[in-house]
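Chemist: For reference, this is query_34.txt, and it has compact mmCIF, C-alpha atoms and all ligand atoms.
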# COMPACT_ATOMS: atom_id res chain seq x y z
CA MET A 1 -1.49 -13.63 13.66
CA GLN A 2 0.25 -14.50 16.90
CA PHE A 3 3.53 -13.00 18.01
CA GLY A 4 4.37 -15.34 20.89
CA ALA A 5 1.46 -15.05 23.32
CA PHE A 6 0.28 -11.78 21.75
CA THR A 7 -2.57 -11.92 19.25
CA ALA A 8 -2.05 -9.15 16.69
CA LEU A 9 -4.86 -10.25 14.35
CA ASP A 10 -7.81 -12.19 15.67
CA GLY A 11 -10.25 -13.84 13.25
CA VAL A 12 -9.90 -11.06 10.70
CA ASP A 13 -12.13 -11.76 7.71
CA ILE A 14 -12.11 -9.19 4.94
CA GLU A 15 -12.80 -9.27 1.25
CA VAL A 16 -11.35 -6.76 -1.20
CA GLU A 17 -13.21 -6.57 -4.48
CA PRO A 18 -11.26 -6.14 -7.73
CA GLY A 19 -11.04 -2.49 -8.72
CA GLU A 20 -12.05 -0.99 -5.38
CA VAL A 21 -10.19 1.32 -3.04
CA HIS A 22 -10.51 -0.32 0.35
CA SER A 23 -9.25 1.55 3.40
CA LEU A 24 -8.11 0.03 6.65
CA ILE A 25 -8.43 2.32 9.63
CA GLY A 26 -8.09 1.90 13.37
CA PRO A 27 -6.13 3.14 16.37
CA ASN A 28 -2.36 2.76 16.71
CA GLY A 29 -1.40 -0.85 17.29
CA ALA A 30 -4.73 -2.16 15.92
CA GLY A 31 -2.94 -4.53 13.53
CA LYS A 32 -3.30 -2.62 10.25
CA THR A 33 0.34 -2.91 9.16
CA THR A 34 0.43 -6.51 10.36
CA LEU A 35 -2.51 -7.30 8.10
CA LEU A 36 -0.71 -5.80 5.10
CA ASN A 37 2.43 -7.70 6.12
CA THR A 38 0.58 -11.01 6.05
CA ILE A 39 -0.89 -10.27 2.60
CA ALA A 40 2.45 -9.14 1.16
CA GLY A 41 4.27 -12.17 2.57
CA ASP A 42 6.37 -10.17 5.03
CA VAL A 43 5.07 -12.27 7.91
CA LYS A 44 3.47 -15.69 7.77
CA PRO A 45 0.09 -15.83 9.50
CA THR A 46 -0.16 -18.35 12.31
CA ARG A 47 -3.58 -19.50 11.12
CA GLY A 48 -6.06 -18.69 8.39
CA ARG A 49 -5.95 -18.21 4.66
CA ILE A 50 -5.18 -15.43 2.22
CA VAL A 51 -6.75 -15.94 -1.18
CA PHE A 52 -5.74 -13.71 -4.07
CA ASP A 53 -7.30 -14.05 -7.49
CA ASN A 54 -8.80 -17.44 -6.51
CA GLU A 55 -5.41 -18.73 -5.44
CA ASP A 56 -4.24 -19.53 -1.93
CA VAL A 57 -1.20 -17.32 -1.36
CA THR A 58 -0.90 -17.84 2.39
CA GLY A 59 2.70 -17.78 3.59
CA LEU A 60 4.27 -17.09 0.19
CA LEU A 61 7.53 -15.15 0.37
CA PRO A 62 7.40 -11.44 -0.58
CA HIS A 63 8.98 -11.91 -4.04
CA MET A 64 6.46 -14.64 -4.81
CA CYS A 65 3.60 -12.34 -3.80
CA VAL A 66 5.03 -9.75 -6.21
CA GLN A 67 5.06 -12.36 -8.98
CA LYS A 68 1.40 -13.11 -8.23
CA GLY A 69 0.55 -9.41 -8.58
CA ILE A 70 0.67 -8.03 -5.03
CA SER A 71 2.95 -5.09 -4.34
CA ARG A 72 3.21 -2.68 -1.46
CA THR A 73 4.57 0.50 0.06
CA PHE A 74 5.80 0.92 3.61
CA GLN A 75 4.74 3.17 6.48
CA ILE A 76 8.26 4.66 6.54
CA PRO A 77 9.47 5.53 3.01
CA ASN A 78 11.73 2.81 1.72
CA VAL A 79 13.30 4.36 -1.38
CA MET A 80 16.91 3.76 -2.40
CA PRO A 81 18.48 7.18 -1.71
CA GLY A 82 21.53 6.77 -3.95
CA ILE A 83 19.74 6.11 -7.22
CA LYS A 84 17.67 8.40 -9.40
CA VAL A 85 13.89 8.53 -9.57
CA TRP A 86 13.76 7.09 -13.09
CA GLU A 87 16.21 4.34 -12.14
CA SER A 88 14.06 3.37 -9.15
CA VAL A 89 11.06 2.91 -11.42
CA TRP A 90 13.14 1.30 -14.18
CA LEU A 91 14.39 -1.37 -11.76
CA GLY A 92 10.88 -2.61 -11.05
CA ILE A 93 9.72 -2.56 -14.66
CA ASN A 94 12.85 -4.32 -15.86
CA SER A 95 12.78 -7.02 -13.19
CA LYS A 96 9.05 -7.75 -13.54
CA ALA A 97 9.41 -7.94 -17.33
CA LYS A 98 12.09 -10.60 -16.74
CA ILE A 99 14.36 -8.90 -19.25
CA SER A 100 17.96 -10.02 -19.28
CA TRP A 101 20.45 -7.75 -17.52
CA HIS A 102 22.91 -8.49 -20.34
CA PRO A 103 23.47 -5.15 -22.15
CA PHE A 104 23.07 -6.59 -25.68
CA VAL A 105 19.90 -8.49 -24.90
CA GLY A 106 18.45 -5.75 -22.66
CA ALA A 107 19.15 -3.01 -25.23
CA LYS A 108 16.46 -4.42 -27.51
CA TYR A 109 13.80 -3.44 -24.99
CA ALA A 110 15.42 -0.20 -23.77
CA ASP A 111 13.10 2.20 -25.63
CA ALA A 112 9.90 0.44 -24.60
CA ILE A 113 11.02 0.38 -20.98
CA ALA A 114 12.08 4.05 -21.06
CA ARG A 115 8.59 4.91 -22.33
CA LYS A 116 6.98 2.93 -19.52
CA VAL A 117 9.21 4.61 -16.92
CA ARG A 118 8.21 8.08 -18.17
CA GLU A 119 4.53 7.11 -18.33
CA LEU A 120 4.57 5.90 -14.73
CA CYS A 121 6.43 9.00 -13.52
CA GLN A 122 3.80 11.11 -15.32
CA ILE A 123 0.93 9.26 -13.66
CA VAL A 124 2.27 10.10 -10.19
CA GLY A 125 3.47 13.59 -11.14
CA LEU A 126 7.20 12.96 -10.76
CA GLU A 127 8.12 13.57 -14.37
CA GLU A 128 9.99 16.79 -13.56
CA SER A 129 12.05 15.00 -10.88
CA MET A 130 13.05 11.95 -12.91
CA ASP A 131 16.76 12.85 -12.79
CA GLU A 132 16.81 13.66 -9.07
CA LEU A 133 18.38 11.24 -6.61
CA ALA A 134 15.60 9.54 -4.64
CA GLY A 135 17.31 10.58 -1.40
CA ASN A 136 17.09 14.27 -2.38
CA LEU A 137 13.30 14.22 -2.77
CA SER A 138 11.03 15.75 -0.13
CA HIS A 139 9.34 13.32 2.26
CA GLY A 140 6.09 13.66 0.31
CA ASP A 141 7.78 12.96 -3.03
CA GLN A 142 9.56 9.93 -1.53
CA LYS A 143 6.15 8.56 -0.52
CA ILE A 144 4.94 9.22 -4.09
CA LEU A 145 8.05 7.54 -5.54
CA GLU A 146 7.32 4.50 -3.40
CA ILE A 147 3.87 4.29 -4.95
CA ALA A 148 5.45 4.49 -8.42
CA MET A 149 7.98 1.78 -7.47
CA ALA A 150 5.17 -0.48 -6.27
CA MET A 151 3.28 0.19 -9.51
CA SER A 152 6.38 -0.57 -11.57
CA LEU A 153 6.02 -4.21 -10.51
CA ASP A 154 2.90 -4.32 -12.65
CA GLY A 155 0.68 -6.10 -10.14
CA SER A 156 -3.07 -5.80 -9.83
CA LEU A 157 -3.25 -5.24 -6.06
CA LEU A 158 -1.45 -2.34 -4.38
CA LEU A 159 -1.07 -2.29 -0.61
CA LEU A 160 -0.36 1.23 0.64
CA ASP A 161 0.65 1.69 4.28
CA GLU A 162 -0.24 5.25 5.32
CA PRO A 163 0.60 6.95 2.02
CA THR A 164 0.00 10.40 3.51
CA GLN A 165 1.86 9.95 6.81
CA GLY A 166 4.05 12.99 7.48
CA VAL A 167 2.82 14.69 4.32
CA SER A 168 2.03 18.42 4.63
CA PRO A 169 -1.67 19.42 4.52
CA GLY A 170 -1.05 21.25 1.23
CA GLU A 171 0.02 18.00 -0.42
CA ILE A 172 -3.01 15.93 0.63
CA ASP A 173 -5.05 16.81 -2.46
CA THR A 174 -2.16 15.67 -4.66
CA PHE A 175 -2.11 12.31 -2.88
CA MET A 176 -5.85 11.92 -3.22
CA SER A 177 -5.68 12.49 -6.95
CA ILE A 178 -2.73 10.09 -7.29
CA ILE A 179 -4.63 7.37 -5.40
CA LYS A 180 -7.68 7.96 -7.58
CA LYS A 181 -5.57 7.78 -10.73
CA VAL A 182 -3.78 4.63 -9.54
CA SER A 183 -7.12 3.01 -8.73
CA GLU A 184 -8.23 3.34 -12.34
CA THR A 185 -6.01 0.36 -13.14
CA LYS A 186 -5.29 -1.29 -9.74
CA THR A 187 -7.13 -2.57 -6.73
CA VAL A 188 -5.96 -0.63 -3.66
CA LEU A 189 -5.93 -1.76 -0.04
CA MET A 190 -4.71 1.18 1.98
CA VAL A 191 -4.00 1.93 5.62
CA GLU A 192 -4.83 5.57 6.21
CA HIS A 193 -5.32 7.83 9.23
CA ASN A 194 -6.38 10.98 7.40
CA MET A 195 -10.19 10.82 7.34
CA ASP A 196 -10.44 13.35 4.49
CA VAL A 197 -8.44 10.94 2.35
CA VAL A 198 -10.39 7.90 3.56
CA LEU A 199 -13.72 9.57 2.84
CA GLY A 200 -12.48 11.10 -0.39
CA VAL A 201 -11.17 8.02 -2.14
CA SER A 202 -12.55 4.83 -0.54
CA ASP A 203 -15.28 2.56 -1.84
CA ARG A 204 -15.18 0.54 1.35
CA VAL A 205 -13.67 0.87 4.81
CA THR A 206 -12.68 -1.80 7.31
CA VAL A 207 -12.04 -0.75 10.91
CA LEU A 208 -9.65 -2.76 13.06
CA ASP A 209 -9.37 -2.51 16.82
CA HIS A 210 -7.12 -4.73 18.93
CA GLY A 211 -6.69 -7.06 15.96
CA ARG A 212 -10.40 -7.51 15.31
CA VAL A 213 -12.66 -6.16 12.61
CA ILE A 214 -15.24 -3.92 14.28
CA ALA A 215 -16.78 -2.49 11.11
CA ASN A 216 -16.69 -3.11 7.39
CA SER A 217 -18.88 -0.88 5.33
CA THR A 218 -19.14 2.18 3.11
CA PRO A 219 -17.23 5.28 4.29
CA SER A 220 -20.38 7.16 5.31
CA GLU A 221 -21.77 4.20 7.27
CA VAL A 222 -18.46 3.69 9.02
CA VAL A 223 -18.11 7.28 10.24
CA ASN A 224 -21.64 7.14 11.59
CA ASP A 225 -21.09 3.83 13.38
CA GLU A 226 -21.38 4.27 17.16
CA GLN A 227 -18.67 1.74 18.05
CA VAL A 228 -16.24 3.16 15.50
CA ARG A 229 -16.76 6.65 16.88
CA GLN A 230 -16.04 5.44 20.41
CA VAL A 231 -13.00 3.35 19.54
CA TYR A 232 -11.39 5.23 16.72
CA LEU A 233 -12.56 8.79 16.84
CA GLY A 234 -12.75 8.77 20.66
CA THR A 235 -16.20 10.37 20.71
CA THR A 236 -19.78 9.74 19.72
CA ASP A 237 -20.39 13.48 19.23
CA VAL A 238 -20.71 14.67 15.67
N1 LIG B 1 7.01 -8.70 14.39
C1 LIG B 1 6.33 -8.42 15.50
N2 LIG B 1 6.62 -9.00 16.67
C2 LIG B 1 5.92 -8.74 17.80
N3 LIG B 1 4.87 -7.88 17.86
C3 LIG B 1 4.54 -7.27 16.71
C4 LIG B 1 5.24 -7.49 15.49
N4 LIG B 1 4.64 -6.75 14.52
C5 LIG B 1 3.65 -6.07 15.13
N5 LIG B 1 3.58 -6.39 16.43
C6 LIG B 1 2.60 -5.88 17.39
O1 LIG B 1 1.31 -6.05 16.82
C7 LIG B 1 0.48 -4.94 17.16
C8 LIG B 1 -0.08 -4.36 15.89
O2 LIG B 1 0.98 -3.66 15.23
P1 LIG B 1 0.77 -2.95 13.85
O3 LIG B 1 2.09 -2.37 13.46
O4 LIG B 1 0.14 -3.89 12.91
O5 LIG B 1 -0.26 -1.80 14.22
P2 LIG B 1 -0.86 -0.64 13.32
O6 LIG B 1 -2.34 -0.77 13.38
O7 LIG B 1 -0.22 -0.64 12.00
O8 LIG B 1 -0.45 0.66 14.16
P3 LIG B 1 0.06 2.10 13.67
O9 LIG B 1 -1.20 2.90 13.37
O10 LIG B 1 0.76 2.65 14.86
O11 LIG B 1 0.95 1.94 12.49
C9 LIG B 1 1.33 -3.97 17.97
O12 LIG B 1 1.07 -4.19 19.34
C10 LIG B 1 2.74 -4.37 17.61
O13 LIG B 1 3.63 -4.07 18.66
MG MG B 2 1.02 0.64 10.97
Let me see the file written as structure tokens.

Modeler:
Amino acid sequence: MQFGAFTALDGVDIEVEPGEVHSLIGPNGAGKTTLLNTIAGDVKPTRGRIVFDNEDVTGLLPHMCVQKGISRTFQIPNVMPGIKVWESVWLGINSKAKISWHPFVGAKYADAIARKVRELCQIVGLEESMDELAGNLSHGDQKILEIAMAMSLDGSLLLLDEPTQGVSPGEIDTFMSIIKKVSETKTVLMVEHNMDVVLGVSDRVTVLDHGRVIANSTPSEVVNDEQVRQVYLGTTDV
């Protein structure tokens, strides 16, 4: 991925297996968000290919990627502050189900959709806050709502960009259990800085530095990798 003369991603080659939790780590500016952006269709890669489910999805627009089954969250929470939690989730379910917005046609499916909305809110632990405005939620709950909104699009691949960024240490365990629960039904590719989370939930870890992959392995192999320690952790000391 080139931005003018600047190379943000350079020969990145990664494979995410169905059903796994795959973490992307690396220093600030390494290209992690850019990689998610290329997969989600938010930027079009200058060269190379993105294959999802045996289909070339390179350069598809974001809404097309959603139709294919790829959905994402953002590094900075991107909820709609003026609508309620249940409405935020309802929007995704309703639009992905391609149900008519006409009240008489839509009404036929209202109960089934309401059940799905509640189920999804339960999975992420937001059931008690379903009637809250999204903008009134804590930062942590907004990040959780974003995960629920991405799940509401019913894809098979979830891209999470720093789900625990700005989240208080006391909430980290909650996020880890949400990610584990989500991964029971979805493949997850996640950018994450918190090593407890990375080690706690990942099947595989890819390390980026200056736009290049410097390691791609199991969590325990990655943290013991000399180069990763130098580049990412800033030390080779245990
Ligand atoms: N649209 C863009 N135009 C120009 N440069 C960009 C653009 N998007 C990203 N970059 C540059 O690409 C590099 C990688 O950025 P990116 O946001 O992917 O890093 P990151 O690994 O997600 O970092 P962080 O951990 O800080 O979120 C940075 O130098 C950034 O300034
Ligand atoms: Mg980023």

Chemist: Within 8 Å of ligand MG 2 (chain B) (counting all atoms listed in the file), which residues show up? I'd like them as a PDB file with C-alpha atoms, in the frame of the given file.

Modeler:
ATOM      1  CA  ASN A  28      -2.360   2.760  16.710  1.00  0.00           C
ATOM      2  CA  GLY A  29      -1.400  -0.850  17.290  1.00  0.00           C
ATOM      3  CA  GLY A  31      -2.940  -4.530  13.530  1.00  0.00           C
ATOM      4  CA  LYS A  32      -3.300  -2.620  10.250  1.00  0.00           C
ATOM      5  CA  THR A  33       0.340  -2.910   9.160  1.00  0.00           C
ATOM      6  CA  THR A  34       0.430  -6.510  10.360  1.00  0.00           C
ATOM      7  CA  GLN A  75       4.740   3.170   6.480  1.00  0.00           C
ATOM      8  CA  ASP A 161       0.650   1.690   4.280  1.00  0.00           C
ATOM      9  CA  GLU A 162      -0.240   5.250   5.320  1.00  0.00           C
ATOM     10  CA  VAL A 191      -4.000   1.930   5.620  1.00  0.00           C
TER      11      VAL A 191
END

Chemist: For Ala148 in chain A, which residue out of A:Arg212, A:Arg229, A:His22, A:Arg72 is the nearest one, using all atoms listed in the file?

Modeler: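 Of all the options, A:Arg72 lies closest to Ala148 in chain A.
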
Chemist: So, with only C-alpha atoms as the atoms that count, which of A:Ile39, A:Cys121, A:Ala134, A:Met1 lies closest to Val79 in chain A?

Modeler: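 For Val79 in chain A, the nearest of the given residues is A:Ala134.
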
Chemist: I need the residue nearest Asn194 in chain A from this list: A:Leu133, A:Val167, A:Val231, A:Leu153. Use all atoms listed in the file for the distance.

Modeler: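 Looking at the shortest contact to Asn194 in chain A, the residue is A:Val167.
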
Chemist: Give me, as a list in words, all polymer residues having an atom no more than 8 Å from Leu24 in chain A, counting all atoms listed in the file and skipping those fewer than 6 positions away in the same chain.

Modeler: Lys32, Leu189, Met190, Val191, Glu192, Val205, Thr206, Val207 and Leu208 of chain A

Chemist: Measuring between all atoms listed in the file, which one of A:Glu221, A:Asp203, A:Glu17, A:Asp154 shows the shortest distance to Lys68 in chain A?

Modeler: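 With all atoms listed in the file as the atom set, the closest residue is A:Asp154.
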
Chemist: Which residues are near Thr73 in chain A? Cut-off 12 Å, all atoms listed in the file, ignore same chain within fewer than 3 positions. Put them as a ChimeraX atom specification.

Modeler: /A:33,36-37,40,42,70,76-79,142-153,157-165,188-191

Chemist: With C-alpha atoms retained, write the just-selected residues as a JSON list (two decimals), in the coordinates of the input.

Modeler:
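Saved result, part-v5.json, follows:
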[["chain", "number", "residue", "atom", "x", "y", "z"],
["A", 33, "THR", "CA", 0.34, -2.91, 9.16],
["A", 36, "LEU", "CA", -0.71, -5.80, 5.10],
["A", 37, "ASN", "CA", 2.43, -7.70, 6.12],
["A", 40, "ALA", "CA", 2.45, -9.14, 1.16],
["A", 42, "ASP", "CA", 6.37, -10.17, 5.03],
["A", 70, "ILE", "CA", 0.67, -8.03, -5.03],
["A", 76, "ILE", "CA", 8.26, 4.66, 6.54],
["A", 77, "PRO", "CA", 9.47, 5.53, 3.01],
["A", 78, "ASN", "CA", 11.73, 2.81, 1.72],
["A", 79, "VAL", "CA", 13.30, 4.36, -1.38],
["A", 142, "GLN", "CA", 9.56, 9.93, -1.53],
["A", 143, "LYS", "CA", 6.15, 8.56, -0.52],
["A", 144, "ILE", "CA", 4.94, 9.22, -4.09],
["A", 145, "LEU", "CA", 8.05, 7.54, -5.54],
["A", 146, "GLU", "CA", 7.32, 4.50, -3.40],
["A", 147, "ILE", "CA", 3.87, 4.29, -4.95],
["A", 148, "ALA", "CA", 5.45, 4.49, -8.42],
["A", 149, "MET", "CA", 7.98, 1.78, -7.47],
["A", 150, "ALA", "CA", 5.17, -0.48, -6.27],
["A", 151, "MET", "CA", 3.28, 0.19, -9.51],
["A", 152, "SER", "CA", 6.38, -0.57, -11.57],
["A", 153, "LEU", "CA", 6.02, -4.21, -10.51],
["A", 157, "LEU", "CA", -3.25, -5.24, -6.06],
["A", 158, "LEU", "CA", -1.45, -2.34, -4.38],
["A", 159, "LEU", "CA", -1.07, -2.29, -0.61],
["A", 160, "LEU", "CA", -0.36, 1.23, 0.64],
["A", 161, "ASP", "CA", 0.65, 1.69, 4.28],
["A", 162, "GLU", "CA", -0.24, 5.25, 5.32],
["A", 163, "PRO", "CA", 0.60, 6.95, 2.02],
["A", 164, "THR", "CA", 0.00, 10.40, 3.51],
["A", 165, "GLN", "CA", 1.86, 9.95, 6.81],
["A", 188, "VAL", "CA", -5.96, -0.63, -3.66],
["A", 189, "LEU", "CA", -5.93, -1.76, -0.04],
["A", 190, "MET", "CA", -4.71, 1.18, 1.98],
["A", 191, "VAL", "CA", -4.00, 1.93, 5.62]]

Chemist: Can you tell me, as AutoDock Vina command-line options, the centre and edge lengths (Å, one decimal) of the axis-aligned box enclosing all of range 159-177 of chain A's listed atoms after padding each side by 6 Å?

Modeler:
--center_x -0.9 --center_y 9.5 --center_z 0.3 --size_x 21.9 --size_y 35.5 --size_z 26.4

Chemist: Set the distance at 12 Å and use all atoms listed in the file: which residues neighbour Ile214 in chain A once local chain neighbours fewer than 4 positions away are removed? I'd like the list as number ranges by chain.

Modeler: A: 10-14, 24-27, 30, 205-210, 222, 225-232

Chemist: Will you model N, CA and C atoms for range 178-189 of chain A and pass it back as a tab-separated table (two decimals), in the coordinates of the input?

Modeler:
chain	number	residue	atom	x	y	z
A	178	ILE	N	-3.59	11.21	-6.86
A	178	ILE	CA	-2.73	10.09	-7.29
A	178	ILE	C	-3.41	8.75	-6.98
A	179	ILE	N	-3.97	8.63	-5.77
A	179	ILE	CA	-4.63	7.37	-5.40
A	179	ILE	C	-5.80	7.08	-6.33
A	180	LYS	N	-6.56	8.15	-6.65
A	180	LYS	CA	-7.68	7.96	-7.58
A	180	LYS	C	-7.19	7.50	-8.95
A	181	LYS	N	-6.10	8.13	-9.41
A	181	LYS	CA	-5.57	7.78	-10.73
A	181	LYS	C	-5.06	6.33	-10.73
A	182	VAL	N	-4.32	5.98	-9.66
A	182	VAL	CA	-3.78	4.63	-9.54
A	182	VAL	C	-4.91	3.60	-9.53
A	183	SER	N	-6.02	3.97	-8.88
A	183	SER	CA	-7.12	3.01	-8.73
A	183	SER	C	-7.89	2.79	-10.03
A	184	GLU	N	-7.58	3.61	-11.04
A	184	GLU	CA	-8.23	3.34	-12.34
A	184	GLU	C	-7.75	2.01	-12.93
A	185	THR	N	-6.54	1.60	-12.57
A	185	THR	CA	-6.01	0.36	-13.14
A	185	THR	C	-5.66	-0.70	-12.09
A	186	LYS	N	-5.69	-0.33	-10.79
A	186	LYS	CA	-5.29	-1.29	-9.74
A	186	LYS	C	-6.35	-1.34	-8.65
A	187	THR	N	-6.37	-2.47	-7.97
A	187	THR	CA	-7.13	-2.57	-6.73
A	187	THR	C	-6.23	-2.03	-5.62
A	188	VAL	N	-6.79	-1.24	-4.72
A	188	VAL	CA	-5.96	-0.63	-3.66
A	188	VAL	C	-6.51	-1.02	-2.29
A	189	LEU	N	-5.62	-1.56	-1.46
A	189	LEU	CA	-5.93	-1.76	-0.04
A	189	LEU	C	-4.97	-0.86	0.72
